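Student: The structure is given below, and queries will be raised subsequently.
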Amino acid sequence: MDLKIKGKVALITGGDSGIGMETAKFLVKEGVHVVLSDKENGEELDQAKKEVEKHLQHGAKIITMGADISIFEEVQSLADRIEKELGGAHIIFHSAGARGAADDFLKLTDDDWMETIEIDLLGAVRVARAFVPHMQKLGWGRMIMVASENAFQPYIEESPYNACKAAVINLSKCLSRAYSKENILFNCISPAFVETPMTNAMMEEIAEEENISVDEAVQQFVKSERPHIAMQRRGKPEEVAAMVAFLCSEHASYINGTNIRIDGGAVESAFG
């Protein structure tokens, strides 16, 4: 399918692996110039760039730029650099995030909460604040933020993450109402238990504690902690990336202010 976004410029935060990197592959095949960004412009980003380069088509470019989303000045500098070098970013896929502190609610401190808020909520705020003015100049924009199943079906040990991801959906809805008349659309996706560095780390920790393999840890976790995943497995990053790429496209020009769950049936409710 021709997504009709050839020549557009896209920024992908958290682009060194997982869903971010897989989305970059979809976009460069469509001729989109992609900027992969993460906290540091180091070896992991370089490796991701090499992987994405294998999929370049239609004159697409792939470059890397480091920026810490917990520091607004770095995010603003990233926006300004993209404008200077590529003319500005039409598309933002904000996939950077962290699980943050997880424990019994009464054991979590203010610092534990702020650690998660700074990345998962204020990170999205900073990215939007820095890049919306550039999209206004371009007269066209798409911003897709990553929420989570946790926003709808919270897990008791992850209260800061649950709250931040629910807030991201609300933020996206707010921005969609504010800027849609300028042809800037905002949407969220809510993946569930997808194969990413974050869930890999969780599974490796369980495997070590239980003295089992990572595959066994995944199967055990699905059965005990995510019984509503009808697919009975972790999602694949490319299964999420395909939806993100569509939301970036001209074909999604009437999708605005919504959240799309990509969860294998993980959320028990039919609504929300």
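Following the order of the structure tokens, first chain is A, next is B, and so on, with residues numbered from 1 inside each chain and ligands from 1 in the order they appear.
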Would you kindly return, as a PyMOL selection string, each protein, DNA or RNA residue with an atom no farther than 7 Å from any atom of Gly14 in chain A, considering only C-alpha atoms and excluding same-chain residues fewer than 5 positions away?
Tutor: chain A and resi 20+37-38+95-96
Student: Mind writing the picked residues with C-alpha atoms as an mmCIF file, in the first residue's frame?
Tutor:
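part.cif written:
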data_model
loop_
_atom_site.group_PDB
_atom_site.id
_atom_site.type_symbol
_atom_site.label_atom_id
_atom_site.label_comp_id
_atom_site.auth_asym_id
_atom_site.auth_seq_id
_atom_site.Cartn_x
_atom_site.Cartn_y
_atom_site.Cartn_z
ATOM 1 C CA GLY A 20 10.545 2.236 17.321
ATOM 2 C CA SER A 37 16.610 9.203 18.519
ATOM 3 C CA ASP A 38 17.337 7.904 21.968
ATOM 4 C CA SER A 95 7.880 5.579 21.701
ATOM 5 C CA ALA A 96 10.501 6.404 24.346
#
Student: Fewer than 6 positions away in the same chain doesn't count, so skip those; otherwise give me all residues within 10 Å of range 111-122 of chain A, counting only C-alpha atoms, as a PDB file with C-alpha atoms, in the first residue's frame.
Tutor:
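Written file, part.pdb:
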ATOM      1  CA  ASP A  68      17.310  13.075  26.667  1.00  0.00           C
ATOM      2  CA  ILE A  69      13.528  13.544  26.822  1.00  0.00           C
ATOM      3  CA  SER A  70      13.765  14.358  30.538  1.00  0.00           C
ATOM      4  CA  ILE A  71      15.525  17.624  29.622  1.00  0.00           C
ATOM      5  CA  PHE A  72      13.439  20.094  27.612  1.00  0.00           C
ATOM      6  CA  SER A  95       7.880   5.579  21.701  1.00  0.00           C
ATOM      7  CA  ALA A  96      10.501   6.404  24.346  1.00  0.00           C
ATOM      8  CA  GLY A  97       9.435   5.354  27.822  1.00  0.00           C
ATOM      9  CA  ALA A  98      10.261   3.321  30.902  1.00  0.00           C
ATOM     10  CA  ARG A  99       8.442   1.056  33.314  1.00  0.00           C
ATOM     11  CA  GLY A 100       9.852   3.043  36.210  1.00  0.00           C
ATOM     12  CA  ALA A 101       9.489   2.113  39.863  1.00  0.00           C
ATOM     13  CA  ALA A 102       7.246  -0.869  40.573  1.00  0.00           C
ATOM     14  CA  ASP A 103       6.279  -2.060  44.046  1.00  0.00           C
ATOM     15  CA  ALA A 128       4.838  17.850  21.810  1.00  0.00           C
ATOM     16  CA  VAL A 146       2.649   5.112  23.081  1.00  0.00           C
ATOM     17  CA  ALA A 147       0.257   4.422  25.952  1.00  0.00           C
ATOM     18  CA  SER A 159       0.740   2.303  39.817  1.00  0.00           C
ATOM     19  CA  PRO A 160       3.054   5.121  38.550  1.00  0.00           C
ATOM     20  CA  TYR A 161       3.266   3.561  35.072  1.00  0.00           C
ATOM     21  CA  ASN A 162      -0.508   2.930  35.014  1.00  0.00           C
ATOM     22  CA  ALA A 163      -1.291   6.528  35.898  1.00  0.00           C
ATOM     23  CA  CYS A 164       1.206   8.031  33.453  1.00  0.00           C
ATOM     24  CA  LYS A 165      -0.029   5.976  30.512  1.00  0.00           C
ATOM     25  CA  ALA A 166      -3.635   6.958  31.235  1.00  0.00           C
ATOM     26  CA  ALA A 167      -2.482  10.571  31.349  1.00  0.00           C
ATOM     27  CA  VAL A 168      -0.734  10.222  27.972  1.00  0.00           C
ATOM     28  CA  ILE A 169      -4.027   9.184  26.362  1.00  0.00           C
ATOM     29  CA  LEU A 171      -2.907  14.486  26.753  1.00  0.00           C
TER      30      LEU A 171
END
Student: Would you list, as a PyMOL selection string, the residues of range 92-194 of chain A that end up in helix (DSSP H, G or I) under DSSP run on this structure's backbone?
Tutor: chain A and resi 105-107+110-138+149-151+156-182
Student: What is the CA of Ile262 in chain A-CA of Gly141 in chain A distance in Å, reported with one decimal?
Tutor: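 Computing the Euclidean distance for CA of Ile262 in chain A and CA of Gly141 in chain A yields 22.7 Å.
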Student: May I have the residues within 12 Å of Arg81 in chain A as a list in words, using only C-alpha atoms and disregarding those fewer than 5 positions away in the same chain?
Tutor: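 Selected residues are Leu11, Val35, Ile63, Thr64, Met65, Gly66, Ala67, Glu74, Val75, Gln76, Leu86, Gly87, Gly88, Ala89, Ala130, Phe131 and His134 of chain A.
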Student: Grab the CA of Ile156 in chain A to CA of Ser172 in chain A distance for me, in Å with one decimal place.
Tutor: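 Going from CA of Ile156 in chain A over to CA of Ser172 in chain A, I get 24.4 Å.
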Student: Using only C-alpha atoms, which protein or nucleic acid residues come within 7 Å of Ala245 in chain A? Drop anything in the same chain fewer than 4 positions from it, and give the result as a compact mmCIF listing (two decimals) with all heavy atoms, in the first residue's frame.
Tutor:
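part-v5.txt, freshly written:
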# COMPACT_ATOMS: atom_id res chain seq x y z
N THR A 23 9.12 0.39 13.34
CA THR A 23 8.36 1.43 12.67
C THR A 23 9.22 2.15 11.65
O THR A 23 8.77 2.48 10.54
CB THR A 23 7.80 2.44 13.69
OG1 THR A 23 6.92 1.74 14.60
CG2 THR A 23 7.02 3.54 13.00
N PHE A 26 9.26 0.31 8.38
CA PHE A 26 8.05 0.53 7.58
C PHE A 26 8.12 1.88 6.87
O PHE A 26 7.78 1.99 5.69
CB PHE A 26 6.81 0.49 8.48
CG PHE A 26 6.24 -0.88 8.70
CD1 PHE A 26 6.65 -1.66 9.77
CD2 PHE A 26 5.27 -1.40 7.85
CE1 PHE A 26 6.12 -2.92 9.99
CE2 PHE A 26 4.73 -2.65 8.05
CZ PHE A 26 5.16 -3.42 9.12
N LEU A 27 8.53 2.91 7.59
CA LEU A 27 8.48 4.26 7.04
C LEU A 27 9.51 4.48 5.94
O LEU A 27 9.20 5.12 4.92
CB LEU A 27 8.67 5.29 8.16
CG LEU A 27 7.53 5.35 9.19
CD1 LEU A 27 7.83 6.41 10.24
CD2 LEU A 27 6.18 5.62 8.53
N ALA A 241 4.17 -1.87 14.85
CA ALA A 241 4.73 -0.88 13.91
C ALA A 241 3.85 -0.70 12.67
O ALA A 241 3.74 0.40 12.13
CB ALA A 241 6.13 -1.31 13.49
N SER A 249 -0.02 7.89 7.96
CA SER A 249 -0.29 8.03 6.53
C SER A 249 -1.45 8.96 6.22
O SER A 249 -2.25 9.34 7.08
CB SER A 249 -0.58 6.65 5.93
OG SER A 249 -1.90 6.24 6.23
Student: Can you tell me, as a list in words, what residues are no more than 8 Å from Glu250 in chain A when counting only C-alpha atoms, ignoring any on the same chain fewer than 6 positions away?
Tutor: Leu3, Lys4 and Ile5 of chain A
Student: Put those residues in a file: N, CA and C atoms, as a short mmCIF file (atom, residue, chain, number, x, y, z; two decimals), in the first residue's frame.
Tutor:
data_model
loop_
_atom_site.label_atom_id
_atom_site.label_comp_id
_atom_site.auth_asym_id
_atom_site.auth_seq_id
_atom_site.Cartn_x
_atom_site.Cartn_y
_atom_site.Cartn_z
N LEU A 3 1.42 4.67 1.28
CA LEU A 3 0.91 5.45 2.40
C LEU A 3 0.82 6.94 2.09
N LYS A 4 1.34 7.33 0.90
CA LYS A 4 1.26 8.72 0.44
C LYS A 4 1.99 9.70 1.37
N ILE A 5 3.13 9.26 1.89
CA ILE A 5 3.93 10.13 2.76
C ILE A 5 5.40 10.16 2.30
#
Student: Pick out the residues sitting within 9 Å of Gly265 in chain A, and hand them over as a PyMOL selection string; count only C-alpha atoms, and ignore anything fewer than 2 positions along from it in its own chain.
Tutor: chain A and resi 192+228-231+261-263+267-268
Student: Export all heavy atoms of the chosen residues as a PDB file, in the first residue's frame?
Tutor:
ATOM      1  N   ALA A 192       0.278  -4.281  24.367  1.00  0.00           N
ATOM      2  CA  ALA A 192       0.297  -5.097  25.576  1.00  0.00           C
ATOM      3  C   ALA A 192       1.291  -6.229  25.413  1.00  0.00           C
ATOM      4  O   ALA A 192       1.221  -6.991  24.452  1.00  0.00           O
ATOM      5  CB  ALA A 192      -1.087  -5.679  25.867  1.00  0.00           C
ATOM      6  N   HIS A 228      -5.726 -12.940  29.866  1.00  0.00           N
ATOM      7  CA  HIS A 228      -6.721 -12.511  28.883  1.00  0.00           C
ATOM      8  C   HIS A 228      -6.135 -12.322  27.490  1.00  0.00           C
ATOM      9  O   HIS A 228      -6.865 -11.969  26.559  1.00  0.00           O
ATOM     10  CB  HIS A 228      -7.384 -11.217  29.354  1.00  0.00           C
ATOM     11  CG  HIS A 228      -8.005 -11.335  30.705  1.00  0.00           C
ATOM     12  ND1 HIS A 228      -9.038 -12.206  30.976  1.00  0.00           N
ATOM     13  CD2 HIS A 228      -7.700 -10.724  31.888  1.00  0.00           C
ATOM     14  CE1 HIS A 228      -9.370 -12.113  32.247  1.00  0.00           C
ATOM     15  NE2 HIS A 228      -8.569 -11.238  32.821  1.00  0.00           N
ATOM     16  N   ILE A 229      -4.825 -12.515  27.336  1.00  0.00           N
ATOM     17  CA  ILE A 229      -4.242 -12.442  25.997  1.00  0.00           C
ATOM     18  C   ILE A 229      -4.698 -13.678  25.227  1.00  0.00           C
ATOM     19  O   ILE A 229      -4.187 -14.782  25.430  1.00  0.00           O
ATOM     20  CB  ILE A 229      -2.699 -12.371  26.035  1.00  0.00           C
ATOM     21  CG1 ILE A 229      -2.240 -11.101  26.755  1.00  0.00           C
ATOM     22  CG2 ILE A 229      -2.135 -12.405  24.616  1.00  0.00           C
ATOM     23  CD1 ILE A 229      -0.730 -10.949  26.831  1.00  0.00           C
ATOM     24  N   ALA A 230      -5.670 -13.483  24.359  1.00  0.00           N
ATOM     25  CA  ALA A 230      -6.250 -14.614  23.640  1.00  0.00           C
ATOM     26  C   ALA A 230      -5.217 -15.316  22.765  1.00  0.00           C
ATOM     27  O   ALA A 230      -5.332 -16.518  22.502  1.00  0.00           O
ATOM     28  CB  ALA A 230      -7.427 -14.146  22.782  1.00  0.00           C
ATOM     29  N   MET A 231      -4.202 -14.557  22.319  1.00  0.00           N
ATOM     30  CA  MET A 231      -3.184 -15.126  21.440  1.00  0.00           C
ATOM     31  C   MET A 231      -2.206 -16.025  22.192  1.00  0.00           C
ATOM     32  O   MET A 231      -1.446 -16.774  21.581  1.00  0.00           O
ATOM     33  CB  MET A 231      -2.400 -14.013  20.741  1.00  0.00           C
ATOM     34  CG  MET A 231      -3.259 -12.924  20.121  1.00  0.00           C
ATOM     35  SD  MET A 231      -4.322 -13.529  18.813  1.00  0.00           S
ATOM     36  CE  MET A 231      -3.138 -13.841  17.533  1.00  0.00           C
ATOM     37  N   ARG A 261      -5.896  -0.066  20.733  1.00  0.00           N
ATOM     38  CA  ARG A 261      -5.272  -1.136  21.509  1.00  0.00           C
ATOM     39  C   ARG A 261      -4.719  -2.196  20.566  1.00  0.00           C
ATOM     40  O   ARG A 261      -5.401  -2.666  19.667  1.00  0.00           O
ATOM     41  CB  ARG A 261      -6.277  -1.768  22.468  1.00  0.00           C
ATOM     42  CG  ARG A 261      -6.758  -0.813  23.534  1.00  0.00           C
ATOM     43  CD  ARG A 261      -7.530  -1.478  24.658  1.00  0.00           C
ATOM     44  NE  ARG A 261      -8.124  -2.755  24.369  1.00  0.00           N
ATOM     45  CZ  ARG A 261      -9.382  -3.073  24.655  1.00  0.00           C
ATOM     46  NH1 ARG A 261     -10.192  -2.172  25.164  1.00  0.00           N
ATOM     47  NH2 ARG A 261      -9.848  -4.271  24.406  1.00  0.00           N
ATOM     48  N   ILE A 262      -3.474  -2.561  20.784  1.00  0.00           N
ATOM     49  CA  ILE A 262      -2.824  -3.631  20.016  1.00  0.00           C
ATOM     50  C   ILE A 262      -2.330  -4.599  21.071  1.00  0.00           C
ATOM     51  O   ILE A 262      -1.174  -4.603  21.471  1.00  0.00           O
ATOM     52  CB  ILE A 262      -1.667  -3.075  19.156  1.00  0.00           C
ATOM     53  CG1 ILE A 262      -2.142  -1.862  18.347  1.00  0.00           C
ATOM     54  CG2 ILE A 262      -1.132  -4.163  18.225  1.00  0.00           C
ATOM     55  CD1 ILE A 262      -1.023  -1.077  17.723  1.00  0.00           C
ATOM     56  N   ASP A 263      -3.252  -5.431  21.555  1.00  0.00           N
ATOM     57  CA  ASP A 263      -2.996  -6.136  22.805  1.00  0.00           C
ATOM     58  C   ASP A 263      -3.302  -7.627  22.790  1.00  0.00           C
ATOM     59  O   ASP A 263      -3.263  -8.280  23.834  1.00  0.00           O
ATOM     60  CB  ASP A 263      -3.763  -5.467  23.946  1.00  0.00           C
ATOM     61  CG  ASP A 263      -5.273  -5.498  23.751  1.00  0.00           C
ATOM     62  OD1 ASP A 263      -5.756  -6.177  22.821  1.00  0.00           O
ATOM     63  OD2 ASP A 263      -5.988  -4.852  24.548  1.00  0.00           O
ATOM     64  N   VAL A 267      -6.830  -6.758  27.313  1.00  0.00           N
ATOM     65  CA  VAL A 267      -7.752  -6.007  28.163  1.00  0.00           C
ATOM     66  C   VAL A 267      -9.095  -6.728  28.197  1.00  0.00           C
ATOM     67  O   VAL A 267      -9.707  -6.980  27.151  1.00  0.00           O
ATOM     68  CB  VAL A 267      -7.916  -4.559  27.641  1.00  0.00           C
ATOM     69  CG1 VAL A 267      -8.959  -3.806  28.467  1.00  0.00           C
ATOM     70  CG2 VAL A 267      -6.570  -3.829  27.687  1.00  0.00           C
ATOM     71  N   GLU A 268      -9.542  -7.055  29.388  1.00  0.00           N
ATOM     72  CA  GLU A 268     -10.722  -7.904  29.536  1.00  0.00           C
ATOM     73  C   GLU A 268     -12.008  -7.211  29.075  1.00  0.00           C
ATOM     74  O   GLU A 268     -12.887  -7.835  28.513  1.00  0.00           O
ATOM     75  CB  GLU A 268     -10.864  -8.335  31.002  1.00  0.00           C
ATOM     76  CG  GLU A 268     -11.938  -9.378  31.248  1.00  0.00           C
ATOM     77  CD  GLU A 268     -11.937  -9.895  32.663  1.00  0.00           C
ATOM     78  OE1 GLU A 268     -11.232  -9.311  33.510  1.00  0.00           O
ATOM     79  OE2 GLU A 268     -12.630 -10.883  32.929  1.00  0.00           O
TER      80      GLU A 268
END
Student: List every residue of range 5-95 of chain A that DSSP, applied to the backbone of this structure, places in strand (DSSP E or B), and write the result as a ChimeraX atom specification.
Tutor: /A:9-13,33-38,62-66,91-94
Student: Atoms to include: N, CA, C and O atoms. Write the selected residues as a short mmCIF file (atom, residue, chain, number, x, y, z; two decimals), in the first residue's frame.
Tutor:
data_model
loop_
_atom_site.label_atom_id
_atom_site.label_comp_id
_atom_site.auth_asym_id
_atom_site.auth_seq_id
_atom_site.Cartn_x
_atom_site.Cartn_y
_atom_site.Cartn_z
N VAL A 9 9.28 13.80 6.74
CA VAL A 9 10.35 13.59 7.72
C VAL A 9 9.72 13.11 9.02
O VAL A 9 8.75 13.70 9.51
N ALA A 10 10.25 12.02 9.56
CA ALA A 10 9.71 11.45 10.79
C ALA A 10 10.78 11.36 11.87
O ALA A 10 11.92 10.96 11.60
N LEU A 11 10.40 11.71 13.08
CA LEU A 11 11.24 11.48 14.26
C LEU A 11 10.67 10.31 15.04
O LEU A 11 9.46 10.26 15.29
N ILE A 12 11.54 9.39 15.42
CA ILE A 12 11.12 8.28 16.27
C ILE A 12 11.97 8.33 17.54
O ILE A 12 13.18 8.11 17.50
N THR A 13 11.34 8.65 18.66
CA THR A 13 12.04 8.60 19.94
C THR A 13 12.02 7.16 20.44
O THR A 13 11.12 6.39 20.13
N HIS A 33 11.96 10.09 5.28
CA HIS A 33 13.27 10.33 5.90
C HIS A 33 13.09 10.20 7.41
O HIS A 33 12.25 10.90 8.00
N VAL A 34 13.87 9.33 8.05
CA VAL A 34 13.65 9.01 9.45
C VAL A 34 14.84 9.43 10.30
O VAL A 34 15.99 9.16 9.97
N VAL A 35 14.52 10.08 11.42
CA VAL A 35 15.50 10.39 12.45
C VAL A 35 15.25 9.46 13.62
O VAL A 35 14.19 9.50 14.25
N LEU A 36 16.21 8.59 13.90
CA LEU A 36 16.13 7.73 15.07
C LEU A 36 16.77 8.45 16.24
O LEU A 36 17.90 8.94 16.13
N SER A 37 16.07 8.51 17.36
CA SER A 37 16.61 9.20 18.52
C SER A 37 16.47 8.35 19.77
O SER A 37 15.52 7.58 19.91
N ASP A 38 17.41 8.50 20.65
CA ASP A 38 17.34 7.90 21.97
C ASP A 38 18.14 8.79 22.91
O ASP A 38 18.66 9.83 22.50
N ILE A 62 18.17 7.84 6.56
CA ILE A 62 18.06 7.47 7.96
C ILE A 62 19.26 8.06 8.69
O ILE A 62 20.41 7.84 8.30
N ILE A 63 18.99 8.86 9.71
CA ILE A 63 20.06 9.45 10.51
C ILE A 63 19.73 9.27 11.99
O ILE A 63 18.58 8.95 12.34
N THR A 64 20.71 9.47 12.85
CA THR A 64 20.51 9.33 14.28
C THR A 64 20.86 10.63 14.99
O THR A 64 21.77 11.35 14.58
N MET A 65 20.12 10.92 16.03
CA MET A 65 20.38 12.09 16.87
C MET A 65 20.02 11.75 18.31
O MET A 65 18.93 11.25 18.58
N GLY A 66 20.92 12.00 19.24
CA GLY A 66 20.64 11.74 20.64
C GLY A 66 19.93 12.90 21.30
O GLY A 66 20.17 14.05 20.97
N ILE A 91 6.23 14.06 11.12
CA ILE A 91 5.72 12.90 11.85
C ILE A 91 6.54 12.69 13.11
O ILE A 91 7.78 12.70 13.06
N ILE A 92 5.87 12.51 14.23
CA ILE A 92 6.54 12.16 15.48
C ILE A 92 5.94 10.85 15.98
O ILE A 92 4.73 10.77 16.22
N PHE A 93 6.78 9.85 16.14
CA PHE A 93 6.35 8.65 16.84
C PHE A 93 7.11 8.63 18.15
O PHE A 93 8.30 8.34 18.20
N HIS A 94 6.40 8.98 19.22
CA HIS A 94 7.04 9.08 20.54
C HIS A 94 6.91 7.75 21.26
O HIS A 94 5.92 7.47 21.93
#
Student: Give me, as a PyMOL selection string, all polymer residues having an atom no more than 12 Å from Ile206 in chain A, counting only C-alpha atoms and skipping those fewer than 3 positions away in the same chain.
Tutor: chain A and resi 199-203+209-221
Student: Include all heavy atoms and write out the residues we just selected as a tab-separated table (two decimals), in the first residue's frame.
Tutor:
chain	number	residue	atom	x	y	z
A	199	THR	N	10.19	-5.55	28.24
A	199	THR	CA	9.63	-6.84	28.63
A	199	THR	C	10.70	-7.93	28.62
A	199	THR	O	10.62	-8.88	29.40
A	199	THR	CB	8.44	-7.25	27.73
A	199	THR	OG1	8.90	-7.42	26.38
A	199	THR	CG2	7.34	-6.22	27.78
A	200	ASN	N	11.70	-7.79	27.76
A	200	ASN	CA	12.82	-8.74	27.79
A	200	ASN	C	13.50	-8.74	29.15
A	200	ASN	O	13.81	-9.79	29.72
A	200	ASN	CB	13.85	-8.41	26.71
A	200	ASN	CG	13.38	-8.77	25.31
A	200	ASN	OD1	12.44	-9.54	25.15
A	200	ASN	ND2	14.02	-8.21	24.31
A	201	ALA	N	13.73	-7.53	29.69
A	201	ALA	CA	14.38	-7.41	31.00
A	201	ALA	C	13.52	-8.04	32.09
A	201	ALA	O	14.05	-8.73	32.99
A	201	ALA	CB	14.65	-5.94	31.31
A	202	MET	N	12.21	-7.83	32.01
A	202	MET	CA	11.29	-8.43	32.97
A	202	MET	C	11.36	-9.95	32.92
A	202	MET	O	11.43	-10.63	33.94
A	202	MET	CB	9.86	-7.97	32.71
A	202	MET	CG	9.59	-6.52	33.01
A	202	MET	SD	7.97	-5.99	32.40
A	202	MET	CE	6.86	-7.08	33.30
A	203	MET	N	11.36	-10.50	31.70
A	203	MET	CA	11.38	-11.95	31.54
A	203	MET	C	12.72	-12.56	31.97
A	203	MET	O	12.78	-13.64	32.56
A	203	MET	CB	11.07	-12.33	30.09
A	203	MET	CG	9.67	-11.96	29.64
A	203	MET	SD	8.34	-12.63	30.71
A	203	MET	CE	7.92	-11.16	31.69
A	209	GLU	N	15.29	-15.65	38.59
A	209	GLU	CA	14.73	-15.93	39.92
A	209	GLU	C	14.19	-17.35	40.02
A	209	GLU	O	14.32	-18.01	41.05
A	209	GLU	CB	13.61	-14.93	40.22
A	209	GLU	CG	14.08	-13.51	40.48
A	209	GLU	CD	12.93	-12.54	40.64
A	209	GLU	OE1	11.76	-12.97	40.46
A	209	GLU	OE2	13.18	-11.36	40.95
A	210	GLU	N	13.57	-17.81	38.92
A	210	GLU	CA	12.92	-19.13	38.94
A	210	GLU	C	13.84	-20.25	38.41
A	210	GLU	O	13.43	-21.41	38.40
A	210	GLU	CB	11.64	-19.08	38.09
A	210	GLU	CG	10.62	-18.05	38.54
A	210	GLU	CD	9.94	-18.44	39.84
A	210	GLU	OE1	9.90	-19.65	40.14
A	210	GLU	OE2	9.48	-17.52	40.54
A	211	ASN	N	15.02	-19.87	37.93
A	211	ASN	CA	15.96	-20.83	37.36
A	211	ASN	C	15.32	-21.60	36.20
A	211	ASN	O	15.38	-22.83	36.12
A	211	ASN	CB	16.47	-21.81	38.43
A	211	ASN	CG	17.69	-22.59	37.95
A	211	ASN	OD1	18.46	-22.11	37.11
A	211	ASN	ND2	17.87	-23.80	38.46
A	212	ILE	N	14.71	-20.82	35.28
A	212	ILE	CA	14.09	-21.39	34.10
A	212	ILE	C	14.57	-20.60	32.88
A	212	ILE	O	15.24	-19.57	33.02
A	212	ILE	CB	12.54	-21.34	34.18
A	212	ILE	CG1	12.05	-19.88	34.40
A	212	ILE	CG2	12.03	-22.26	35.29
A	212	ILE	CD1	10.54	-19.74	34.45
A	213	SER	N	14.22	-21.07	31.70
A	213	SER	CA	14.61	-20.35	30.48
A	213	SER	C	13.72	-19.12	30.29
A	213	SER	O	12.64	-19.02	30.88
A	213	SER	CB	14.50	-21.26	29.26
A	213	SER	OG	13.13	-21.52	28.97
A	214	VAL	N	14.17	-18.20	29.45
A	214	VAL	CA	13.37	-17.01	29.16
A	214	VAL	C	12.05	-17.40	28.49
A	214	VAL	O	11.00	-16.84	28.81
A	214	VAL	CB	14.16	-16.03	28.27
A	214	VAL	CG1	13.27	-14.88	27.79
A	214	VAL	CG2	15.37	-15.48	29.03
A	215	ASP	N	12.08	-18.37	27.57
A	215	ASP	CA	10.85	-18.82	26.91
A	215	ASP	C	9.86	-19.37	27.94
A	215	ASP	O	8.65	-19.12	27.85
A	215	ASP	CB	11.15	-19.90	25.87
A	215	ASP	CG	11.77	-19.31	24.60
A	215	ASP	OD1	11.69	-18.08	24.42
A	215	ASP	OD2	12.35	-20.08	23.81
A	216	GLU	N	10.38	-20.13	28.90
A	216	GLU	CA	9.51	-20.67	29.96
A	216	GLU	C	8.96	-19.54	30.82
A	216	GLU	O	7.81	-19.60	31.26
A	216	GLU	CB	10.29	-21.67	30.81
A	216	GLU	CG	10.60	-22.98	30.10
A	216	GLU	CD	11.55	-23.87	30.89
A	216	GLU	OE1	12.45	-23.34	31.58
A	216	GLU	OE2	11.39	-25.11	30.80
A	217	ALA	N	9.79	-18.53	31.07
A	217	ALA	CA	9.33	-17.38	31.85
A	217	ALA	C	8.20	-16.65	31.15
A	217	ALA	O	7.23	-16.22	31.79
A	217	ALA	CB	10.50	-16.43	32.12
A	218	VAL	N	8.32	-16.50	29.82
A	218	VAL	CA	7.26	-15.85	29.04
A	218	VAL	C	5.97	-16.65	29.14
A	218	VAL	O	4.90	-16.08	29.40
A	218	VAL	CB	7.68	-15.71	27.56
A	218	VAL	CG1	6.50	-15.27	26.70
A	218	VAL	CG2	8.84	-14.73	27.41
A	219	GLN	N	6.05	-17.95	28.94
A	219	GLN	CA	4.86	-18.79	29.00
A	219	GLN	C	4.21	-18.74	30.38
A	219	GLN	O	2.99	-18.65	30.50
A	219	GLN	CB	5.23	-20.24	28.64
A	219	GLN	CG	5.67	-20.41	27.19
A	219	GLN	CD	6.29	-21.77	26.92
A	219	GLN	OE1	6.30	-22.64	27.78
A	219	GLN	NE2	6.84	-21.94	25.73
A	220	GLN	N	5.05	-18.77	31.41
A	220	GLN	CA	4.55	-18.71	32.78
A	220	GLN	C	3.88	-17.37	33.07
A	220	GLN	O	2.81	-17.31	33.69
A	220	GLN	CB	5.72	-18.93	33.75
A	220	GLN	CG	5.37	-18.84	35.23
A	220	GLN	CD	6.58	-19.10	36.10
A	220	GLN	OE1	7.14	-20.19	36.10
A	220	GLN	NE2	7.00	-18.09	36.86
A	221	PHE	N	4.50	-16.29	32.58
A	221	PHE	CA	3.97	-14.95	32.82
A	221	PHE	C	2.63	-14.76	32.11
A	221	PHE	O	1.69	-14.20	32.68
A	221	PHE	CB	4.98	-13.91	32.33
A	221	PHE	CG	4.63	-12.49	32.67
A	221	PHE	CD1	4.94	-11.97	33.91
A	221	PHE	CD2	3.98	-11.68	31.74
A	221	PHE	CE1	4.62	-10.65	34.23
A	221	PHE	CE2	3.65	-10.37	32.05
A	221	PHE	CZ	3.96	-9.85	33.30
Student: Between A:Asp2, A:Ser180, A:Arg233, A:Leu45, single out the one closest to Ile255 in chain A, counting only C-alpha atoms.
Tutor: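 Result for the nearest residue to Ile255 in chain A: A:Ser180.
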Student: Suppose you want the space between CA of Val28 in chain A and CA of Leu56 in chain A; what is it in Å?
Tutor: 5.2 Å
Student: I'd like to know which of A:Glu83, A:Asp46, A:Glu22, A:Glu73 is closest to Lys137 in chain A, using only C-alpha atoms.
Tutor: A:Glu83
